[in-house]
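Student: Contents of work_6.cif (mmCIF, N, CA and C atoms) are given next:
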data_query
#
loop_
_atom_site.label_atom_id
_atom_site.label_comp_id
_atom_site.auth_asym_id
_atom_site.auth_seq_id
_atom_site.Cartn_x
_atom_site.Cartn_y
_atom_site.Cartn_z
N MET E 12 232.25 115.59 157.58
CA MET E 12 230.88 115.50 157.14
C MET E 12 229.99 116.18 158.17
N LYS E 13 229.08 117.04 157.71
CA LYS E 13 228.19 117.74 158.61
C LYS E 13 227.11 116.79 159.11
N LEU E 14 226.65 117.02 160.34
CA LEU E 14 225.61 116.18 160.93
C LEU E 14 224.34 116.21 160.11
N SER E 15 223.99 117.37 159.55
CA SER E 15 222.77 117.46 158.75
C SER E 15 222.87 116.61 157.50
N SER E 16 224.07 116.41 156.96
CA SER E 16 224.22 115.58 155.78
C SER E 16 224.11 114.10 156.12
N VAL E 17 224.20 113.75 157.39
CA VAL E 17 224.03 112.38 157.83
C VAL E 17 222.57 112.11 158.17
N ARG E 18 221.88 113.09 158.70
CA ARG E 18 220.50 112.91 159.15
C ARG E 18 219.54 112.51 158.04
N ALA E 19 219.62 113.18 156.88
CA ALA E 19 218.69 112.87 155.80
C ALA E 19 218.83 111.43 155.33
N PRO E 20 220.05 110.95 154.99
CA PRO E 20 220.16 109.55 154.58
C PRO E 20 219.74 108.58 155.69
N LEU E 21 220.04 108.91 156.94
CA LEU E 21 219.65 108.05 158.04
C LEU E 21 218.13 108.00 158.15
N ALA E 22 217.48 109.13 158.02
CA ALA E 22 216.01 109.17 158.07
C ALA E 22 215.42 108.37 156.93
N ILE E 23 216.02 108.47 155.75
CA ILE E 23 215.54 107.72 154.60
C ILE E 23 215.64 106.22 154.87
N ILE E 24 216.74 105.79 155.39
CA ILE E 24 216.93 104.36 155.68
C ILE E 24 215.91 103.88 156.70
N VAL E 25 215.68 104.67 157.74
CA VAL E 25 214.69 104.29 158.76
C VAL E 25 213.31 104.20 158.15
N VAL E 26 212.94 105.19 157.34
CA VAL E 26 211.63 105.19 156.71
C VAL E 26 211.45 103.95 155.86
N LEU E 27 212.43 103.62 155.05
CA LEU E 27 212.29 102.48 154.16
C LEU E 27 212.35 101.15 154.90
N ALA E 28 213.04 101.12 156.01
CA ALA E 28 213.09 99.89 156.80
C ALA E 28 211.75 99.57 157.42
N ILE E 29 211.00 100.61 157.80
CA ILE E 29 209.70 100.38 158.45
C ILE E 29 208.54 100.49 157.47
N ALA E 30 208.80 100.88 156.23
CA ALA E 30 207.73 101.07 155.26
C ALA E 30 206.84 99.85 155.07
N PRO E 31 207.39 98.63 154.93
CA PRO E 31 206.50 97.48 154.76
C PRO E 31 205.52 97.31 155.92
N VAL E 32 205.92 97.63 157.12
CA VAL E 32 205.03 97.54 158.28
C VAL E 32 203.97 98.63 158.21
N LEU E 33 204.39 99.83 157.84
CA LEU E 33 203.47 100.96 157.79
C LEU E 33 202.46 100.85 156.67
N ILE E 34 202.81 100.16 155.60
CA ILE E 34 201.93 100.08 154.45
C ILE E 34 200.61 99.42 154.81
N GLY E 35 200.61 98.55 155.80
CA GLY E 35 199.37 97.94 156.23
C GLY E 35 198.47 98.90 156.97
N CYS E 36 198.98 100.04 157.36
CA CYS E 36 198.21 101.04 158.10
C CYS E 36 197.54 102.00 157.13
N SER E 37 196.77 102.90 157.65
CA SER E 37 196.18 103.95 156.85
C SER E 37 197.30 104.84 156.33
N LEU E 38 197.44 104.98 155.02
CA LEU E 38 198.63 105.59 154.45
C LEU E 38 198.71 107.11 154.60
N ASN E 39 197.64 107.83 154.39
CA ASN E 39 197.75 109.28 154.39
C ASN E 39 198.29 109.85 155.69
N PRO E 40 197.78 109.46 156.87
CA PRO E 40 198.35 110.01 158.09
C PRO E 40 199.80 109.58 158.30
N VAL E 41 200.15 108.37 157.94
CA VAL E 41 201.52 107.89 158.10
C VAL E 41 202.46 108.69 157.20
N GLU E 42 202.08 108.87 155.94
CA GLU E 42 202.91 109.66 155.03
C GLU E 42 203.11 111.07 155.58
N SER E 43 202.05 111.67 156.06
CA SER E 43 202.13 113.03 156.59
C SER E 43 203.06 113.12 157.79
N ILE E 44 202.96 112.17 158.69
CA ILE E 44 203.82 112.17 159.88
C ILE E 44 205.29 112.02 159.47
N ILE E 45 205.58 111.10 158.56
CA ILE E 45 206.96 110.89 158.12
C ILE E 45 207.48 112.12 157.38
N GLU E 46 206.64 112.72 156.53
CA GLU E 46 207.06 113.92 155.81
C GLU E 46 207.39 115.05 156.77
N GLN E 47 206.58 115.22 157.80
CA GLN E 47 206.84 116.28 158.78
C GLN E 47 208.13 116.00 159.56
N ALA E 48 208.38 114.75 159.88
CA ALA E 48 209.57 114.39 160.65
C ALA E 48 210.85 114.52 159.84
N THR E 49 210.78 114.23 158.54
CA THR E 49 211.98 114.22 157.71
C THR E 49 212.13 115.45 156.83
N GLY E 50 211.04 116.16 156.59
CA GLY E 50 211.10 117.31 155.69
C GLY E 50 211.13 116.91 154.24
N GLY E 51 210.87 115.66 153.94
CA GLY E 51 210.89 115.18 152.57
C GLY E 51 209.51 114.78 152.09
N ASP E 52 209.45 114.27 150.87
CA ASP E 52 208.21 113.82 150.26
C ASP E 52 208.21 112.29 150.30
N VAL E 53 207.22 111.71 150.98
CA VAL E 53 207.14 110.26 151.17
C VAL E 53 205.95 109.72 150.40
N ASN E 54 206.15 108.61 149.71
CA ASN E 54 205.06 107.92 149.03
C ASN E 54 205.09 106.46 149.42
N LEU E 55 204.10 106.05 150.19
CA LEU E 55 203.95 104.64 150.55
C LEU E 55 202.86 104.08 149.63
N ASP E 56 203.29 103.42 148.57
CA ASP E 56 202.37 103.02 147.53
C ASP E 56 201.73 101.65 147.75
N GLY E 57 201.88 101.08 148.93
CA GLY E 57 201.26 99.79 149.20
C GLY E 57 201.88 98.69 148.39
N ALA E 58 201.06 97.78 147.92
CA ALA E 58 201.54 96.62 147.17
C ALA E 58 201.65 96.94 145.69
N SER E 59 202.33 98.03 145.38
CA SER E 59 202.54 98.40 143.98
C SER E 59 203.87 99.13 143.84
N LEU E 60 204.32 99.21 142.63
CA LEU E 60 205.56 99.92 142.33
C LEU E 60 205.34 101.41 142.56
N PRO E 61 206.26 102.09 143.24
CA PRO E 61 206.11 103.54 143.40
C PRO E 61 205.94 104.22 142.04
N LYS E 62 205.07 105.19 141.97
CA LYS E 62 204.74 105.84 140.70
C LYS E 62 205.97 106.41 139.99
N ASP E 63 206.94 106.89 140.75
CA ASP E 63 208.10 107.52 140.13
C ASP E 63 209.34 106.61 140.14
N PHE E 64 209.13 105.29 140.32
CA PHE E 64 210.25 104.35 140.32
C PHE E 64 210.94 104.40 138.96
N PRO E 65 212.28 104.47 138.93
CA PRO E 65 213.00 104.58 137.65
C PRO E 65 212.74 103.38 136.74
N GLY E 66 212.32 103.67 135.53
CA GLY E 66 212.00 102.62 134.56
C GLY E 66 213.20 101.88 134.03
N ASP E 67 214.40 102.44 134.22
CA ASP E 67 215.59 101.77 133.70
C ASP E 67 216.23 100.82 134.70
N ILE E 68 215.52 100.53 135.79
CA ILE E 68 216.00 99.55 136.77
C ILE E 68 215.12 98.30 136.62
N PRO E 69 215.71 97.21 136.13
CA PRO E 69 214.91 96.00 135.93
C PRO E 69 214.56 95.33 137.26
N LEU E 70 213.35 94.82 137.32
CA LEU E 70 212.88 94.07 138.50
C LEU E 70 212.45 92.68 138.06
N VAL E 71 212.54 91.71 138.95
CA VAL E 71 212.04 90.38 138.63
C VAL E 71 210.53 90.48 138.43
N ASP E 72 210.02 89.65 137.55
CA ASP E 72 208.60 89.69 137.22
C ASP E 72 207.84 88.77 138.17
N SER E 73 207.32 89.36 139.23
CA SER E 73 206.56 88.61 140.22
C SER E 73 205.72 89.58 141.03
N GLU E 74 205.02 89.07 142.02
CA GLU E 74 204.09 89.87 142.82
C GLU E 74 204.81 90.88 143.72
N ILE E 75 204.44 92.14 143.58
CA ILE E 75 205.00 93.19 144.43
C ILE E 75 204.26 93.17 145.77
N GLN E 76 205.02 93.06 146.85
CA GLN E 76 204.43 93.05 148.19
C GLN E 76 204.36 94.44 148.79
N SER E 77 205.35 95.29 148.49
CA SER E 77 205.34 96.66 149.01
C SER E 77 206.20 97.55 148.14
N GLY E 78 205.84 98.83 148.13
CA GLY E 78 206.62 99.82 147.41
C GLY E 78 206.55 101.15 148.14
N ALA E 79 207.68 101.83 148.20
CA ALA E 79 207.73 103.13 148.88
C ALA E 79 208.81 103.98 148.24
N GLY E 80 208.65 105.29 148.39
CA GLY E 80 209.65 106.22 147.89
C GLY E 80 209.78 107.40 148.82
N PHE E 81 210.95 108.02 148.80
CA PHE E 81 211.22 109.17 149.66
C PHE E 81 212.11 110.12 148.88
N LYS E 82 211.74 111.41 148.89
CA LYS E 82 212.54 112.41 148.20
C LYS E 82 212.76 113.61 149.10
N THR E 83 214.00 114.06 149.16
CA THR E 83 214.34 115.29 149.86
C THR E 83 215.41 116.00 149.04
N GLY E 84 215.13 117.21 148.61
CA GLY E 84 216.07 117.92 147.76
C GLY E 84 216.31 117.15 146.47
N ASN E 85 217.58 116.91 146.14
CA ASN E 85 217.93 116.16 144.93
C ASN E 85 218.09 114.67 145.19
N ASP E 86 217.95 114.25 146.44
CA ASP E 86 218.15 112.86 146.82
C ASP E 86 216.83 112.11 146.80
N GLN E 87 216.86 110.90 146.31
CA GLN E 87 215.66 110.09 146.27
C GLN E 87 216.01 108.64 146.55
N VAL E 88 215.10 107.96 147.26
CA VAL E 88 215.25 106.54 147.59
C VAL E 88 213.92 105.85 147.31
N TRP E 89 214.00 104.66 146.75
CA TRP E 89 212.82 103.82 146.54
C TRP E 89 213.10 102.47 147.17
N ASN E 90 212.05 101.82 147.63
CA ASN E 90 212.18 100.47 148.17
C ASN E 90 211.03 99.64 147.64
N VAL E 91 211.36 98.49 147.08
CA VAL E 91 210.36 97.59 146.52
C VAL E 91 210.67 96.18 147.01
N THR E 92 209.65 95.50 147.52
CA THR E 92 209.79 94.11 147.94
C THR E 92 208.89 93.26 147.05
N ILE E 93 209.48 92.21 146.49
CA ILE E 93 208.78 91.34 145.55
C ILE E 93 208.83 89.91 146.06
N LYS E 94 207.71 89.22 145.96
CA LYS E 94 207.62 87.81 146.36
C LYS E 94 208.12 86.93 145.22
N SER E 95 208.83 85.86 145.57
CA SER E 95 209.32 84.92 144.58
C SER E 95 209.17 83.50 145.11
N THR E 96 209.37 82.55 144.24
CA THR E 96 209.37 81.14 144.66
C THR E 96 210.73 80.49 144.42
N ASP E 97 211.65 81.23 143.82
CA ASP E 97 212.95 80.68 143.43
C ASP E 97 214.03 81.10 144.43
N PRO E 98 214.52 80.17 145.28
CA PRO E 98 215.55 80.53 146.25
C PRO E 98 216.87 80.95 145.60
N ALA E 99 217.08 80.64 144.33
CA ALA E 99 218.30 81.02 143.63
C ALA E 99 218.08 82.24 142.74
N ILE E 100 217.07 83.04 143.02
CA ILE E 100 216.71 84.18 142.16
C ILE E 100 217.77 85.27 142.12
N PHE E 101 218.64 85.33 143.12
CA PHE E 101 219.65 86.38 143.13
C PHE E 101 220.48 86.38 141.86
N ASP E 102 220.81 85.23 141.33
CA ASP E 102 221.61 85.16 140.10
C ASP E 102 220.87 85.82 138.93
N ALA E 103 219.56 85.61 138.85
CA ALA E 103 218.76 86.23 137.79
C ALA E 103 218.70 87.75 137.98
N VAL E 104 218.54 88.19 139.22
CA VAL E 104 218.51 89.62 139.53
C VAL E 104 219.85 90.26 139.14
N ALA E 105 220.95 89.63 139.52
CA ALA E 105 222.28 90.15 139.19
C ALA E 105 222.47 90.23 137.68
N ALA E 106 222.02 89.21 136.96
CA ALA E 106 222.15 89.22 135.50
C ALA E 106 221.31 90.34 134.88
N GLN E 107 220.09 90.55 135.38
CA GLN E 107 219.25 91.63 134.86
C GLN E 107 219.92 92.99 135.06
N LEU E 108 220.45 93.21 136.25
CA LEU E 108 221.06 94.51 136.53
C LEU E 108 222.34 94.72 135.73
N THR E 109 223.19 93.71 135.64
CA THR E 109 224.43 93.88 134.86
C THR E 109 224.12 94.02 133.37
N ASP E 110 223.11 93.31 132.88
CA ASP E 110 222.70 93.46 131.48
C ASP E 110 222.17 94.87 131.21
N ALA E 111 221.64 95.53 132.24
CA ALA E 111 221.12 96.89 132.11
C ALA E 111 222.21 97.95 132.31
N GLY E 112 223.47 97.52 132.47
CA GLY E 112 224.57 98.46 132.56
C GLY E 112 225.06 98.75 133.97
N PHE E 113 224.56 98.04 134.95
CA PHE E 113 225.03 98.21 136.33
C PHE E 113 226.28 97.36 136.54
N THR E 114 227.13 97.81 137.46
CA THR E 114 228.31 97.06 137.86
C THR E 114 228.07 96.51 139.26
N GLN E 115 228.31 95.21 139.43
CA GLN E 115 228.15 94.61 140.75
C GLN E 115 229.38 94.92 141.59
N ASN E 116 229.15 95.46 142.78
CA ASN E 116 230.24 95.76 143.69
C ASN E 116 230.68 94.47 144.39
N GLU E 117 231.97 94.25 144.44
CA GLU E 117 232.49 93.02 145.03
C GLU E 117 232.49 93.05 146.56
N ILE E 118 232.53 94.24 147.14
CA ILE E 118 232.59 94.36 148.59
C ILE E 118 231.18 94.42 149.17
N GLY E 119 230.95 93.71 150.26
CA GLY E 119 229.69 93.80 150.98
C GLY E 119 228.57 92.93 150.44
N GLY E 120 228.87 91.97 149.64
CA GLY E 120 227.84 91.09 149.11
C GLY E 120 228.16 89.64 149.41
N GLY E 121 227.24 88.77 149.06
CA GLY E 121 227.49 87.35 149.24
C GLY E 121 226.21 86.57 149.41
N THR E 122 226.37 85.27 149.56
CA THR E 122 225.24 84.36 149.71
C THR E 122 225.48 83.47 150.91
N THR E 123 224.42 83.27 151.69
CA THR E 123 224.44 82.34 152.81
C THR E 123 223.27 81.39 152.65
N GLU E 124 223.07 80.52 153.62
CA GLU E 124 221.93 79.59 153.55
C GLU E 124 220.59 80.30 153.71
N THR E 125 220.59 81.54 154.21
CA THR E 125 219.33 82.27 154.41
C THR E 125 219.09 83.35 153.38
N GLY E 126 220.00 83.53 152.42
CA GLY E 126 219.76 84.52 151.39
C GLY E 126 221.01 85.09 150.77
N SER E 127 220.82 86.16 150.01
CA SER E 127 221.92 86.79 149.28
C SER E 127 221.80 88.30 149.38
N LEU E 128 222.94 88.96 149.22
CA LEU E 128 223.01 90.41 149.26
C LEU E 128 224.00 90.88 148.22
N GLY E 129 223.65 91.95 147.51
CA GLY E 129 224.58 92.53 146.56
C GLY E 129 224.21 93.97 146.28
N THR E 130 225.21 94.75 145.89
CA THR E 130 224.96 96.13 145.48
C THR E 130 225.47 96.32 144.06
N PHE E 131 224.75 97.16 143.35
CA PHE E 131 225.02 97.40 141.94
C PHE E 131 224.95 98.90 141.70
N THR E 132 225.85 99.42 140.86
CA THR E 132 225.86 100.85 140.61
C THR E 132 225.97 101.15 139.12
N ASN E 133 225.44 102.29 138.75
CA ASN E 133 225.73 102.89 137.47
C ASN E 133 225.93 104.37 137.73
N ASP E 134 225.97 105.20 136.72
CA ASP E 134 226.26 106.62 136.94
C ASP E 134 225.10 107.38 137.58
N ARG E 135 223.92 106.76 137.68
CA ARG E 135 222.76 107.45 138.25
C ARG E 135 222.24 106.86 139.55
N TYR E 136 222.40 105.54 139.73
CA TYR E 136 221.77 104.86 140.86
C TYR E 136 222.69 103.85 141.53
N THR E 137 222.39 103.59 142.79
CA THR E 137 222.94 102.44 143.50
C THR E 137 221.75 101.58 143.89
N VAL E 138 221.84 100.29 143.61
CA VAL E 138 220.77 99.36 143.91
C VAL E 138 221.31 98.31 144.88
N ALA E 139 220.72 98.24 146.07
CA ALA E 139 221.05 97.19 147.03
C ALA E 139 219.95 96.14 146.94
N VAL E 140 220.34 94.90 146.74
CA VAL E 140 219.38 93.81 146.59
C VAL E 140 219.61 92.81 147.71
N VAL E 141 218.52 92.50 148.42
CA VAL E 141 218.56 91.48 149.46
C VAL E 141 217.53 90.42 149.10
N VAL E 142 217.99 89.19 148.96
CA VAL E 142 217.09 88.06 148.75
C VAL E 142 217.06 87.26 150.05
N ALA E 143 215.89 87.17 150.64
CA ALA E 143 215.72 86.39 151.87
C ALA E 143 214.98 85.11 151.52
N THR E 144 215.49 83.98 152.03
CA THR E 144 214.92 82.69 151.66
C THR E 144 214.26 81.96 152.83
N GLU E 145 214.26 82.56 154.01
CA GLU E 145 213.60 81.92 155.15
C GLU E 145 212.13 82.32 155.19
N GLY E 146 211.25 81.34 155.36
CA GLY E 146 209.82 81.64 155.43
C GLY E 146 209.25 82.11 154.11
N GLY E 147 209.79 81.66 153.01
CA GLY E 147 209.39 82.12 151.69
C GLY E 147 210.51 82.96 151.10
N VAL E 148 210.44 83.20 149.82
CA VAL E 148 211.49 83.95 149.15
C VAL E 148 210.99 85.36 148.85
N THR E 149 211.76 86.36 149.28
CA THR E 149 211.47 87.75 148.93
C THR E 149 212.72 88.39 148.35
N VAL E 150 212.49 89.29 147.42
CA VAL E 150 213.56 90.07 146.81
C VAL E 150 213.29 91.52 147.17
N ASN E 151 214.22 92.16 147.86
CA ASN E 151 214.06 93.55 148.26
C ASN E 151 215.09 94.40 147.53
N TYR E 152 214.59 95.43 146.84
CA TYR E 152 215.43 96.38 146.13
C TYR E 152 215.37 97.71 146.88
N THR E 153 216.52 98.27 147.24
CA THR E 153 216.59 99.63 147.74
C THR E 153 217.44 100.41 146.75
N VAL E 154 216.82 101.39 146.12
CA VAL E 154 217.46 102.16 145.06
C VAL E 154 217.69 103.58 145.56
N THR E 155 218.92 104.06 145.44
CA THR E 155 219.22 105.44 145.80
C THR E 155 219.81 106.16 144.61
N THR E 156 219.57 107.46 144.57
CA THR E 156 220.25 108.25 143.57
C THR E 156 221.73 108.27 143.93
N THR E 157 222.59 108.44 142.97
CA THR E 157 224.02 108.36 143.20
C THR E 157 224.49 109.36 144.24
N ALA E 158 223.78 110.49 144.38
CA ALA E 158 224.17 111.49 145.37
C ALA E 158 224.16 110.94 146.79
N LEU E 159 223.30 109.94 147.04
CA LEU E 159 223.22 109.32 148.37
C LEU E 159 224.16 108.15 148.52
N ALA E 160 224.65 107.64 147.42
CA ALA E 160 225.48 106.43 147.49
C ALA E 160 226.76 106.71 148.24
N PRO E 161 227.22 105.72 149.02
CA PRO E 161 228.45 105.91 149.81
C PRO E 161 229.66 106.09 148.92
#
Show me, as structure tokens, the structure contained in the file I just sent.
Tutor:
Amino acid sequence: MKLSSVRAPLAIIVVLAIAPVLIGCSLNPVESIIEQATGGDVNLDGASLPKDFPGDIPLVDSEIQSGAGFKTGNDQVWNVTIKSTDPAIFDAVAAQLTDAGFTQNEIGGGTTETGSLGTFTNDRYTVAVVVATEGGVTVNYTVTTTALAP
């Protein structure tokens, strides 16, 4: 694997990991700085769903806390964090995704006393879902185009 093929996905992961923190800042300069550093198109949409978020990926119906997207070439990543009150919401999320035609991957998922993690795939997307239950319940979706999926 070429180093350049590792850099773009790594940059995307870093951007999306810090996006919720950056969203509280002035967005235009932050987007510009990230775009210059990564060479991609970044959209930090604040407390809303990214404008180009795929409509065929079901989300739980609750308050969106943050939304971001990143595109470079044919690869695209979106990250959405949603507030919930149900600590057992992961089961509902898993049911929504499998009902929409996604397959839950058995490796790398599970539930602990502090939350749940699972990944789901179809022929177009990989969706990583993290439900955190400490200090309130949040559902975080990281969606990648299949080209980025491991």
Student: Apply the PyMOL selection byres (((chain E and resi 90 and name CA) around 8) and name CA) to the displayed file and report the matching residues as a list in words.
Tutor: Leu27, Ser77, Gly78, Ala79, Gly80, Val88, Trp89, Val91, Thr92, Asn151, Tyr152, Thr153 and Val154 of chain E
Student: I'd like the interatomic distance between atom C of Asn116 (chain E) and atom C of Thr149 (chain E), to a tenth of an Å.
Tutor: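 These atoms are spaced 19.4 Å apart.
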Student: At what distance in Å, to one decimal, does CA of Tyr136 (chain E) lie from CA of Thr156 (chain E)?
Tutor: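 Between these atoms lies a distance of 4.6 Å.
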Student: Please provide as a short mmCIF file (atom, residue, chain, number, x, y, z; two decimals) with N, CA and C atoms, in the coordinates of the input all residues within 5 Å of Thr132 (chain E), with the sequence filter that same-chain residues fewer than 3 positions apart are discarded (counting only N, CA and C atoms).
Tutor:
data_model
loop_
_atom_site.label_atom_id
_atom_site.label_comp_id
_atom_site.auth_asym_id
_atom_site.auth_seq_id
_atom_site.Cartn_x
_atom_site.Cartn_y
_atom_site.Cartn_z
N PHE E 113 224.56 98.04 134.95
CA PHE E 113 225.03 98.21 136.33
C PHE E 113 226.28 97.36 136.54
N THR E 114 227.13 97.81 137.46
CA THR E 114 228.31 97.06 137.86
C THR E 114 228.07 96.51 139.26
N TYR E 136 222.40 105.54 139.73
CA TYR E 136 221.77 104.86 140.86
C TYR E 136 222.69 103.85 141.53
N THR E 137 222.39 103.59 142.79
CA THR E 137 222.94 102.44 143.50
C THR E 137 221.75 101.58 143.89
N VAL E 138 221.84 100.29 143.61
CA VAL E 138 220.77 99.36 143.91
C VAL E 138 221.31 98.31 144.88
#
Student: Out of E:Val71, E:Ile93, E:Ala143, E:Val150, which residue has the shortest atom-to-atom distance to Leu108 (chain E) when counting only C-alpha atoms?
Tutor: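 The closest residue to Leu108 (chain E) is E:Val71.
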